[in-house]
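Shown next: structure-v7.cif, given as mmCIF, C-alpha atoms.
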data_data
loop_
_atom_site.label_atom_id
_atom_site.label_comp_id
_atom_site.auth_asym_id
_atom_site.auth_seq_id
_atom_site.Cartn_x
_atom_site.Cartn_y
_atom_site.Cartn_z
CA MET A 4 46.07 62.70 -56.28
CA ASP A 5 49.33 61.51 -54.80
CA PHE A 6 49.15 58.14 -53.10
CA LYS A 7 51.30 55.18 -52.18
CA ILE A 8 50.41 51.74 -50.90
CA LYS A 9 53.48 50.37 -49.16
CA LEU A 10 53.80 46.71 -48.24
CA HIS A 11 56.57 45.96 -45.79
CA GLU A 12 57.42 42.31 -45.16
CA VAL A 13 53.73 41.39 -45.10
CA GLY A 14 52.89 37.84 -44.10
CA LYS A 15 49.72 35.93 -43.31
CA ASN A 16 49.09 32.69 -41.43
CA TYR A 17 45.77 30.90 -41.05
CA ASN A 18 45.63 28.79 -37.87
CA GLY A 19 49.41 28.52 -37.87
CA HIS A 20 49.65 27.57 -41.56
CA PRO A 21 51.62 30.17 -43.54
CA VAL A 22 49.93 31.47 -46.68
CA PHE A 23 52.71 33.87 -47.69
CA HIS A 24 55.36 35.94 -46.00
CA ASN A 25 57.83 38.74 -46.60
CA ILE A 26 55.93 40.54 -49.32
CA SER A 27 57.31 44.02 -49.84
CA GLY A 28 56.71 46.62 -52.49
CA ILE A 29 55.08 49.91 -53.36
CA PHE A 30 51.97 50.47 -55.46
CA GLY A 31 51.68 53.91 -57.02
CA PRO A 32 49.41 55.73 -59.49
CA GLY A 33 49.32 55.30 -63.25
CA LYS A 34 49.86 51.56 -63.44
CA SER A 35 48.03 48.26 -63.30
CA TYR A 36 49.43 45.51 -61.13
CA VAL A 37 48.67 41.83 -61.19
CA VAL A 38 48.84 39.51 -58.20
CA ALA A 39 49.44 36.10 -59.72
CA GLY A 40 49.78 32.64 -58.30
CA PRO A 41 48.13 29.25 -58.08
CA ASN A 42 45.03 28.45 -56.01
CA GLY A 43 45.70 28.81 -52.31
CA SER A 44 48.72 31.07 -52.78
CA GLY A 45 46.99 33.97 -51.02
CA LYS A 46 45.99 36.33 -53.84
CA SER A 47 42.59 37.13 -52.35
CA THR A 48 44.09 37.30 -48.87
CA LEU A 49 46.63 39.89 -50.01
CA LEU A 50 43.91 42.07 -51.54
CA ARG A 51 41.83 41.81 -48.37
CA ILE A 52 44.86 42.87 -46.34
CA ILE A 53 45.50 45.84 -48.64
CA CYS A 54 41.95 47.16 -48.26
CA GLY A 55 41.97 46.57 -44.50
CA LEU A 56 39.42 43.77 -44.26
CA LEU A 57 42.09 41.44 -42.86
CA ARG A 58 45.05 42.13 -40.61
CA PRO A 59 48.42 40.75 -41.66
CA SER A 60 50.07 38.26 -39.29
CA ALA A 61 53.41 39.98 -39.89
CA GLY A 62 54.64 43.22 -41.43
CA GLU A 63 52.47 46.20 -42.28
CA VAL A 64 50.53 47.84 -45.06
CA ARG A 65 50.65 51.64 -45.17
CA VAL A 66 48.19 53.50 -47.36
CA GLU A 67 49.26 57.13 -47.75
CA VAL A 68 47.10 59.62 -49.60
CA ASN A 69 48.48 63.15 -50.00
CA GLY A 70 50.75 62.46 -47.02
CA ALA A 71 47.92 61.27 -44.73
CA LEU A 72 47.90 57.70 -43.45
CA LEU A 73 44.66 55.71 -43.90
CA ASP A 74 44.64 53.08 -41.18
CA GLN A 75 40.93 52.35 -40.75
CA THR A 76 39.03 49.95 -42.99
CA HIS A 77 36.29 52.46 -43.84
CA ASN A 78 38.86 55.17 -44.60
CA ARG A 79 40.58 52.85 -47.05
CA GLY A 80 37.16 51.94 -48.41
CA GLN A 81 36.58 55.58 -49.40
CA PHE A 82 39.81 55.47 -51.39
CA MET A 83 39.60 51.97 -52.83
CA GLY A 84 36.99 50.09 -54.81
CA TYR A 85 36.93 46.36 -54.16
CA LEU A 86 35.41 43.61 -56.25
CA SER A 87 35.66 40.20 -54.68
CA PRO A 88 33.94 36.82 -54.65
CA TYR A 89 33.66 37.38 -50.87
CA ILE A 90 31.51 40.49 -51.29
CA ASN A 91 27.87 40.19 -52.23
CA LEU A 92 25.17 42.80 -52.60
CA TYR A 93 21.49 42.61 -51.64
CA ASP A 94 19.44 40.11 -53.65
CA ARG A 95 16.10 41.52 -52.56
CA LEU A 96 16.97 45.04 -53.70
CA THR A 97 17.12 46.28 -57.28
CA ALA A 98 20.33 47.46 -58.95
CA HIS A 99 19.13 51.05 -58.45
CA GLU A 100 18.34 50.48 -54.76
CA ASN A 101 21.66 48.74 -54.10
CA LEU A 102 23.74 51.51 -55.64
CA SER A 103 21.63 54.30 -54.09
CA PHE A 104 22.02 52.66 -50.69
CA PHE A 105 25.81 52.40 -50.89
CA ALA A 106 26.04 55.94 -52.28
CA ALA A 107 24.01 57.25 -49.33
CA LEU A 108 26.14 55.25 -46.91
CA ARG A 109 29.29 56.78 -48.42
CA GLY A 110 27.75 60.25 -48.30
CA ILE A 111 27.72 60.61 -52.09
CA ALA A 112 24.95 62.73 -53.60
CA LEU A 113 24.28 60.45 -56.56
CA LYS A 114 22.16 61.90 -59.35
CA GLU A 115 19.94 59.66 -61.46
CA GLU A 116 22.07 60.37 -64.55
CA ASP A 117 25.28 59.39 -62.66
CA LEU A 118 23.66 56.14 -61.66
CA ALA A 119 22.47 55.45 -65.19
CA GLU A 120 25.94 56.28 -66.54
CA LEU A 121 27.58 53.91 -64.07
CA LEU A 122 25.22 51.07 -64.95
CA ASP A 123 25.75 51.84 -68.63
CA ARG A 124 29.50 51.48 -68.08
CA VAL A 125 29.00 47.91 -66.84
CA ARG A 126 26.26 47.30 -69.45
CA LEU A 127 23.45 46.90 -66.93
CA LYS A 128 21.44 50.02 -67.69
CA PRO A 129 18.37 48.13 -68.98
CA PHE A 130 18.19 46.25 -65.68
CA LEU A 131 18.17 49.30 -63.40
CA HIS A 132 14.96 48.31 -61.63
CA ARG A 133 15.41 44.56 -61.57
CA ARG A 134 16.16 42.81 -58.27
CA LEU A 135 19.61 41.25 -58.01
CA GLY A 136 18.03 37.93 -57.10
CA ALA A 137 16.89 37.72 -60.73
CA PHE A 138 20.38 38.48 -62.11
CA SER A 139 22.59 35.82 -63.70
CA SER A 140 26.03 35.22 -62.18
CA GLY A 141 27.64 37.33 -64.92
CA MET A 142 25.23 40.19 -64.23
CA GLN A 143 25.92 39.87 -60.50
CA GLN A 144 29.64 40.22 -61.29
CA ARG A 145 28.97 43.36 -63.35
CA MET A 146 26.91 44.70 -60.47
CA LYS A 147 29.80 44.10 -58.07
CA LEU A 148 32.01 46.05 -60.46
CA ALA A 149 29.50 48.91 -60.44
CA TYR A 150 29.62 48.84 -56.61
CA ALA A 151 33.43 49.01 -56.71
CA LEU A 152 33.36 51.95 -59.15
CA LEU A 153 30.54 53.83 -57.42
CA HIS A 154 32.70 56.35 -55.55
CA ARG A 155 35.25 56.77 -58.38
CA PRO A 156 38.08 55.35 -56.28
CA PRO A 157 41.73 56.09 -57.15
CA VAL A 158 42.59 52.45 -56.39
CA LEU A 159 40.60 49.55 -57.78
CA LEU A 160 41.16 46.10 -56.27
CA LEU A 161 39.81 43.35 -58.51
CA ASP A 162 39.80 39.77 -57.28
CA GLU A 163 39.22 37.33 -60.16
CA PRO A 164 37.26 40.04 -62.01
CA SER A 165 36.47 38.06 -65.16
CA THR A 166 34.70 35.25 -63.29
CA SER A 167 31.35 34.50 -64.98
CA LEU A 168 31.80 37.29 -67.54
CA ASP A 169 31.04 36.65 -71.20
CA ASP A 170 33.21 38.03 -74.04
CA GLU A 171 31.40 41.34 -74.05
CA GLY A 172 31.83 41.52 -70.28
CA LYS A 173 35.56 40.87 -70.58
CA LYS A 174 35.85 43.70 -73.13
CA MET A 175 33.95 45.97 -70.74
CA LEU A 176 36.33 44.95 -67.95
CA ALA A 177 39.37 45.72 -70.12
CA ALA A 178 37.94 49.19 -70.82
CA VAL A 179 37.33 49.79 -67.10
CA ILE A 180 40.90 48.77 -66.23
CA ALA A 181 42.34 50.97 -69.01
CA THR A 182 40.39 53.97 -67.67
CA GLN A 183 41.39 53.16 -64.10
CA ARG A 184 45.06 53.14 -65.09
CA LYS A 185 44.67 56.78 -66.16
CA LEU A 186 42.71 57.78 -63.04
CA GLY A 187 44.82 55.93 -60.48
CA THR A 188 45.74 52.31 -60.26
CA ALA A 189 44.24 48.85 -60.58
CA ILE A 190 45.46 45.81 -58.67
CA ILE A 191 44.15 42.60 -60.14
CA ALA A 192 44.34 39.16 -58.56
CA THR A 193 44.11 36.43 -61.16
CA ASN A 194 45.48 33.07 -62.16
CA GLU A 195 44.49 33.46 -65.81
CA GLY A 196 47.71 33.60 -67.86
CA GLU A 197 46.08 35.81 -70.48
CA GLU A 198 45.06 38.39 -67.91
CA VAL A 199 48.47 38.38 -66.24
CA GLU A 200 50.05 39.28 -69.59
CA LYS A 201 47.34 41.77 -70.53
CA TYR A 202 47.11 43.78 -67.32
CA GLY A 203 50.38 43.06 -65.52
CA GLU A 204 52.56 46.11 -65.97
CA GLU A 205 54.06 44.90 -62.73
CA ILE A 206 53.45 41.47 -61.31
CA ILE A 207 53.48 40.14 -57.76
CA HIS A 208 54.20 36.45 -57.88
CA LEU A 209 52.79 34.49 -54.98
CA ASP A 210 53.85 30.92 -54.62
CA ASN A 211 52.65 28.59 -51.91
CA ARG A 212 55.95 26.71 -52.24
CA ILE A 213 57.58 29.35 -50.10
CA GLU A 214 61.10 27.91 -50.12
CA SER A 215 61.26 28.01 -53.92
CA ALA A 216 60.15 31.62 -54.34
CA GLY A 217 62.16 34.10 -56.34
CA VAL A 218 63.53 36.08 -53.43
CA GLU A 219 65.24 34.16 -50.70
CA GLY A 220 62.98 33.69 -47.72
CA SER A 221 60.08 35.30 -49.53
CA ALA A 222 56.88 34.14 -51.03
CA GLY A 223 56.44 37.14 -53.24
CA ARG A 224 57.88 40.33 -54.63
CA VAL A 225 56.60 43.35 -56.54
CA MET B 6 22.33 55.89 -40.95
CA ARG B 7 18.85 56.56 -42.34
CA ALA B 8 19.89 54.71 -45.50
CA LEU B 9 20.82 51.63 -43.48
CA VAL B 10 17.55 51.62 -41.52
CA TRP B 11 15.61 52.12 -44.76
CA LYS B 12 17.53 49.31 -46.48
CA ASP B 13 16.89 46.90 -43.59
CA LEU B 14 13.21 47.84 -43.49
CA LEU B 15 12.88 47.36 -47.25
CA GLU B 16 14.58 43.95 -47.08
CA GLU B 17 12.45 42.95 -44.12
CA PHE B 18 9.29 44.14 -45.85
CA ARG B 19 10.17 42.01 -48.90
CA ALA B 20 11.35 38.91 -47.02
CA ARG B 21 9.22 39.23 -43.86
CA TYR B 22 11.58 36.76 -42.21
CA ALA B 23 12.16 38.43 -38.85
CA ILE B 24 8.65 39.76 -38.32
CA ASN B 25 7.06 36.40 -39.23
CA THR B 26 9.41 34.52 -36.89
CA LEU B 27 8.77 36.98 -34.08
CA LEU B 28 5.04 36.94 -34.58
CA MET B 29 4.75 33.16 -34.78
CA PHE B 30 6.86 32.76 -31.64
CA ALA B 31 4.77 35.32 -29.77
CA LEU B 32 1.47 33.77 -30.92
CA THR B 33 2.35 30.18 -30.07
CA THR B 34 3.75 31.14 -26.67
CA LEU B 35 0.69 33.23 -25.84
CA VAL B 36 -1.71 30.47 -26.87
CA MET B 37 0.19 27.89 -24.82
CA VAL B 38 0.32 30.12 -21.74
CA SER B 39 -3.37 31.09 -21.98
CA PHE B 40 -4.38 27.41 -22.25
CA ALA B 41 -2.12 26.48 -19.34
CA VAL B 42 -3.47 29.28 -17.12
CA GLY B 43 -7.09 28.67 -18.11
CA ILE B 44 -9.57 30.62 -16.03
CA ASP B 45 -7.15 31.17 -13.11
CA THR B 46 -6.47 34.77 -12.20
CA LEU B 47 -2.81 35.74 -12.24
CA THR B 48 -1.25 38.31 -9.93
CA PRO B 49 0.12 41.51 -11.54
CA LYS B 50 3.67 40.28 -10.81
CA LEU B 51 3.00 37.06 -12.76
CA HIS B 52 1.44 39.04 -15.62
CA GLY B 53 4.56 41.22 -15.73
CA ALA B 54 6.86 38.20 -15.72
CA LEU B 55 4.92 36.40 -18.46
CA LEU B 56 4.69 39.47 -20.66
CA TRP B 57 8.42 40.26 -20.49
CA ILE B 58 9.45 36.62 -20.92
CA ILE B 59 7.40 36.50 -24.13
CA ILE B 60 8.83 39.81 -25.35
CA PHE B 61 12.40 38.74 -24.47
CA PHE B 62 12.35 35.35 -26.19
CA ALA B 63 10.39 36.59 -29.19
CA ALA B 64 12.92 39.41 -29.63
CA MET B 65 15.84 37.00 -29.29
CA SER B 66 14.49 34.87 -32.11
CA GLY B 67 14.64 37.77 -34.57
CA LEU B 68 16.93 40.58 -33.47
CA ALA B 69 20.20 38.88 -34.41
CA ARG B 70 19.04 38.47 -38.01
CA PRO B 71 20.23 41.84 -39.36
CA PHE B 72 23.87 41.08 -38.54
CA VAL B 73 23.81 37.31 -39.12
CA LYS B 74 22.28 37.92 -42.56
CA GLU B 75 24.96 40.46 -43.50
CA GLU B 76 27.77 38.04 -42.57
CA GLU B 77 26.17 34.97 -44.17
CA ARG B 78 25.44 36.78 -47.43
CA GLY B 79 28.83 38.48 -47.64
CA SER B 80 27.45 42.01 -47.66
CA ALA B 81 29.09 42.82 -44.30
CA HIS B 82 32.41 43.49 -46.06
CA ALA B 83 30.68 45.94 -48.40
CA LEU B 84 29.32 47.75 -45.34
CA ARG B 85 32.73 47.75 -43.62
CA LEU B 86 34.30 49.44 -46.63
CA SER B 87 31.48 51.95 -47.04
CA ALA B 88 30.90 53.48 -43.61
CA ALA B 89 32.38 53.98 -40.16
CA PRO B 90 31.50 51.26 -37.61
CA GLU B 91 29.61 53.77 -35.42
CA LEU B 92 27.30 54.56 -38.31
CA ILE B 93 26.62 50.88 -38.95
CA PHE B 94 25.93 50.34 -35.25
CA ALA B 95 23.53 53.28 -35.10
CA GLY B 96 21.63 52.04 -38.16
CA LYS B 97 21.31 48.50 -36.85
CA PHE B 98 20.35 49.76 -33.37
CA PHE B 99 17.50 51.86 -34.74
CA PHE B 100 16.32 48.99 -36.92
CA ASN B 101 16.32 46.67 -33.88
CA LEU B 102 14.48 49.32 -31.90
CA LEU B 103 11.81 49.55 -34.60
CA LEU B 104 11.55 45.77 -34.85
CA ALA B 105 11.28 45.34 -31.07
CA GLY B 106 8.72 48.18 -31.00
CA ALA B 107 6.62 46.56 -33.73
CA LEU B 108 6.87 43.24 -31.93
CA THR B 109 5.70 44.72 -28.63
CA ALA B 110 2.90 46.56 -30.40
CA LEU B 111 1.70 43.18 -31.68
CA ILE B 112 2.25 41.22 -28.47
CA TRP B 113 0.51 43.55 -26.03
CA PRO B 114 -2.96 43.59 -27.67
CA LEU B 115 -2.80 39.81 -28.07
CA TYR B 116 -1.72 39.40 -24.47
CA TYR B 117 -4.50 41.73 -23.35
CA MET B 118 -7.13 39.74 -25.26
CA MET B 119 -5.93 36.29 -24.22
CA MET B 120 -4.72 36.82 -20.66
CA ALA B 121 -7.03 39.61 -19.45
CA PRO B 122 -4.50 41.44 -17.27
CA PRO B 123 -5.65 44.21 -14.88
CA PRO B 124 -6.24 47.59 -16.54
CA VAL B 125 -3.23 49.89 -16.88
CA ARG B 126 -2.68 53.62 -17.32
CA PRO B 127 -1.84 53.69 -21.05
CA GLY B 128 0.67 56.58 -20.99
CA LEU B 129 2.68 55.19 -18.10
CA PHE B 130 2.59 51.66 -19.47
CA LEU B 131 3.73 52.88 -22.89
CA LEU B 132 6.71 54.65 -21.29
CA LEU B 133 7.61 51.46 -19.47
CA LEU B 134 7.42 49.36 -22.64
CA LEU B 135 9.54 51.91 -24.54
CA ALA B 136 12.20 51.95 -21.82
CA GLY B 137 12.23 48.13 -21.78
CA ILE B 138 12.63 47.71 -25.53
CA PHE B 139 15.30 50.44 -25.53
CA CYS B 140 17.35 48.20 -23.19
CA LEU B 141 16.58 45.13 -25.33
CA ALA B 142 17.73 46.82 -28.54
CA ALA B 143 20.84 48.35 -26.92
CA ALA B 144 22.05 45.00 -25.58
CA THR B 145 21.14 42.82 -28.55
CA THR B 146 22.66 45.01 -31.27
CA ILE B 147 26.30 44.56 -30.25
CA LEU B 148 25.73 40.97 -29.10
CA ALA B 149 24.18 40.15 -32.48
CA ALA B 150 27.29 41.57 -34.18
CA ILE B 151 29.51 39.38 -31.98
CA VAL B 152 27.36 36.29 -32.62
CA ALA B 153 27.44 36.96 -36.38
CA ARG B 154 31.23 37.47 -36.41
CA ALA B 155 31.68 34.24 -34.45
CA GLY B 156 29.76 32.44 -37.18
CA GLY B 157 26.99 31.63 -34.72
CA GLU B 158 23.29 31.34 -35.24
CA ASN B 159 20.48 33.12 -33.42
CA THR B 160 20.49 30.48 -30.68
CA LEU B 161 23.56 32.04 -29.08
CA LEU B 162 21.92 35.41 -28.64
CA PRO B 163 19.55 34.60 -25.74
CA ILE B 164 22.39 32.89 -23.88
CA LEU B 165 24.68 35.92 -24.22
CA SER B 166 21.91 38.45 -23.66
CA PHE B 167 20.37 36.89 -20.59
CA PRO B 168 22.98 37.94 -17.97
CA LEU B 169 23.25 41.39 -19.53
CA LEU B 170 19.50 41.93 -19.65
CA LEU B 171 18.55 40.24 -16.39
CA PRO B 172 18.64 43.45 -14.28
CA ALA B 173 16.57 45.28 -16.91
CA LEU B 174 14.06 42.43 -17.17
CA VAL B 175 13.62 42.22 -13.38
CA MET B 176 13.02 45.98 -13.22
CA ALA B 177 10.65 45.90 -16.20
CA ILE B 178 8.65 43.08 -14.52
CA ASN B 179 8.50 45.05 -11.25
CA GLY B 180 7.47 48.17 -13.15
CA THR B 181 4.73 46.32 -15.05
CA ALA B 182 3.42 44.88 -11.78
CA ALA B 183 3.42 48.39 -10.27
CA VAL B 184 1.50 49.82 -13.23
CA MET B 185 -1.04 46.97 -13.06
CA ASN B 186 -1.40 47.52 -9.31
CA GLN B 187 -2.22 51.18 -10.05
CA GLY B 188 1.04 52.14 -8.32
CA SER B 189 2.09 55.77 -7.88
CA TRP B 190 4.08 57.75 -10.45
CA ASP B 191 7.05 57.85 -8.05
CA GLU B 192 7.09 54.06 -7.85
CA VAL B 193 7.12 53.65 -11.64
CA LYS B 194 9.48 56.60 -12.10
CA GLN B 195 12.25 54.71 -10.28
CA VAL B 196 11.87 51.80 -12.71
CA LEU B 197 11.83 54.13 -15.73
CA LEU B 198 14.95 55.92 -14.50
CA PHE B 199 16.74 52.62 -13.98
CA LEU B 200 15.75 51.26 -17.40
CA THR B 201 16.71 54.39 -19.33
CA SER B 202 20.02 54.75 -17.46
CA TYR B 203 20.86 51.08 -17.90
CA GLY B 204 19.98 51.25 -21.59
CA ALA B 205 22.09 54.40 -22.01
CA VAL B 206 25.09 52.70 -20.34
CA LEU B 207 24.67 49.64 -22.58
CA LEU B 208 24.37 51.85 -25.64
CA THR B 209 27.44 53.95 -24.80
CA ALA B 210 29.59 50.91 -24.03
CA SER B 211 28.37 49.21 -27.21
CA LEU B 212 29.21 52.26 -29.33
CA LEU B 213 32.72 52.36 -27.88
CA LEU B 214 33.33 48.65 -28.35
CA PHE B 215 31.48 48.02 -31.60
CA GLY B 216 34.47 48.83 -33.84
CA TYR B 217 36.43 45.94 -32.31
CA ALA B 218 33.58 43.47 -32.69
CA TRP B 219 32.87 44.63 -36.25
CA ASN B 220 36.36 44.84 -37.71
CA ASP B 221 38.50 42.34 -35.78
#
Starting from the file, give its structure as structure tokens.
Amino acid sequence: MDFKIKLHEVGKNYNGHPVFHNISGIFGPGKSYVVAGPNGSGKSTLLRIICGLLRPSAGEVRVEVNGALLDQTHNRGQFMGYLSPYINLYDRLTAHENLSFFAALRGIALKEEDLAELLDRVRLKPFLHRRLGAFSSGMQQRMKLAYALLHRPPVLLLDEPSTSLDDEGKKMLAAVIATQRKLGTAIIATNEGEEVEKYGEEIIHLDNRIESAGVEGSAGRV
Amino acid sequence: MRALVWKDLLEEFRARYAINTLLMFALTTLVMVSFAVGIDTLTPKLHGALLWIIIFFAAMSGLARPFVKEEERGSAHALRLSAAPELIFAGKFFFNLLLAGALTALIWPLYYMMMAPPPVRPGLFLLLLLAGIFCLAAATTILAAIVARAGGENTLLPILSFPLLLPALVMAINGTAAVMNQGSWDEVKQVLLFLTSYGAVLLTASLLLFGYAWND
């Protein structure tokens, strides 16, 4: 699949306070990108803008798939998987019910073996019929990853993906990102130095000290 | 859409938040009104007004929950990325319709037992109730989405809904009075036509505008 995510002079303000501005670059297939920067530099905001959950205050994000422009949030959602601390699933439903629900909503005919395979990938298979309310925070994070991977998206957006994960979970995450690199692309927002080095084939540096950023007048660059 | 209705029903069945709130509100209001009225006989118009006031406020206390819950929990973003806004609206509308229907099905027998209204023709009265709750669900679904996006609580919903639902409530009260007065089919037909048309207009406008309320 041929796709490009083009950022052109993207900027975001919250109530008049600039978070970042002038971010330009192109994300393409076959790579993993890291969005790095300190707390409050706008890493999560940038990911939310890319998947269409937020509108930029300036500039534009163009998502082109096989020449077609995806400008609606739900259209981008079919093409991107998004794991974020801002997204939560349903505590009163089981892992099986949550994933079946989102599969039905996306129009995916999910077989039981696909579902079991997906949960096996995030090491949650034994907890298929347990309600999310009884999951630990690490298990909830794995579940969010399963939600992001459910529709086999070409683009995976991961916002602080290793939060609450144990060592085994971090290994699982590394395997998921390695596979995703072959299938499409992964864009990871993190402020963990180790992860920046490990996954950052290309790095977007966000810096909330805008005037001292690498490119004149910019807060970031790809 | 069926998946969304099923999910909301399953959550509601497990939490029983909305239905318990609605039921408790309806029960306490009915008990208070029946004590206040005592052995006095009410006119059909007053019965109609009381019944629809109880249905309206009971519905307002629970119908915003589906959207408010999604925003508070953070699952609204997952929905936004998974389906078109129209599909989400349709799912939430049908859930609200079912909830309002269940609520009315609980309120009417209680009202009948406690307030002893005049006898009604069941078929005609059922049509009237259905048309009324159709209007209620059509108006409250988009307003609940707006309230939830604005970070508001359920308390905002009756304030926003009241002007929008006032014409429908007045007609539903008149229709109920007509049914209790053993009015003619033609008399009630006018009310039914108004309620279904008004509900359809609300529903169409909501469908067209929902994307803006949901995504922006």
Taken to one decimal, the atom CA of A:Lys174-atom CA of A:Phe6 distance is 28.0 Å
*Kindly provide, as a ChimeraX atom specification, the residues of chain B having any atom no farther than 10 Å from an atom of chain A, counting all atoms listed in the file.*
/B:6-9,11-12,15-20,75-90,92-93,220-221
*Can you find the residues with an atom no farther than 8 Å from (44.8, 55.4, -54.2), counting only C-alpha atoms, and report them as a count of residues only?*
16
Exercise. If the PyMOL selection byres ((chain B and resi 31) around 9) is run on the structure shown, which residues does it catch, given as a ChimeraX atom specification?
Worked result: /B:26-30,32-36,59-60,62-63,108,111-112,115
(Q) Just want the 12 Å neighbourhood of B:Ala107, counted on only C-alpha atoms, with same-chain residues fewer than 5 positions away dropped. Output as JSON, numbers by chain. (A) {"B": [14, 23, 24, 25, 27, 28, 60, 63, 64, 67, 68, 100, 101, 102, 112, 113, 114, 134, 135, 138]}
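Take the PyMOL selection byres ((chain A and resi 171) around 12) and apply it to this file: it picks Arg124, Val125, Arg126, Gly141, Met142, Arg145, Ser165, Ser167, Leu168, Asp169, Asp170, Gly172, Lys173, Lys174, Met175, Leu176, Ala177 and Ala178 of chain A.
Take the candidates A:Leu161, A:Ala39, A:Ala137, A:Ala119 and check each one against A:Val199 using all atoms listed in the file; the shortest distance goes to A:Ala39.
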Report task. Determine the residue membership of the PyMOL selection byres ((chain B and resi 183) around 10) for the file above and supply it as a ChimeraX atom specification. Result -> /B:49-50,53,125,130,177-182,184-190,192-193,196
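Here atom CA of B:Leu212 stands at a distance of 6.3 Å from atom CA of B:Glu91.
Between atom CA of B:Phe72 and atom CA of B:Phe99 the separation is 13.1 Å.
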- What lies within 10 Å of A:Glu198 using only C-alpha atoms, ignoring chain neighbours under 5 positions off, as a PyMOL selection string? chain A and resi 37+39+163-165+177+191-193+203
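Comparing the minimum interatomic distances between A:Glu204 and each of A:Val38, A:Leu121, A:Ile111, A:Leu10, counting all atoms listed in the file, we find that A:Val38 sits nearest.
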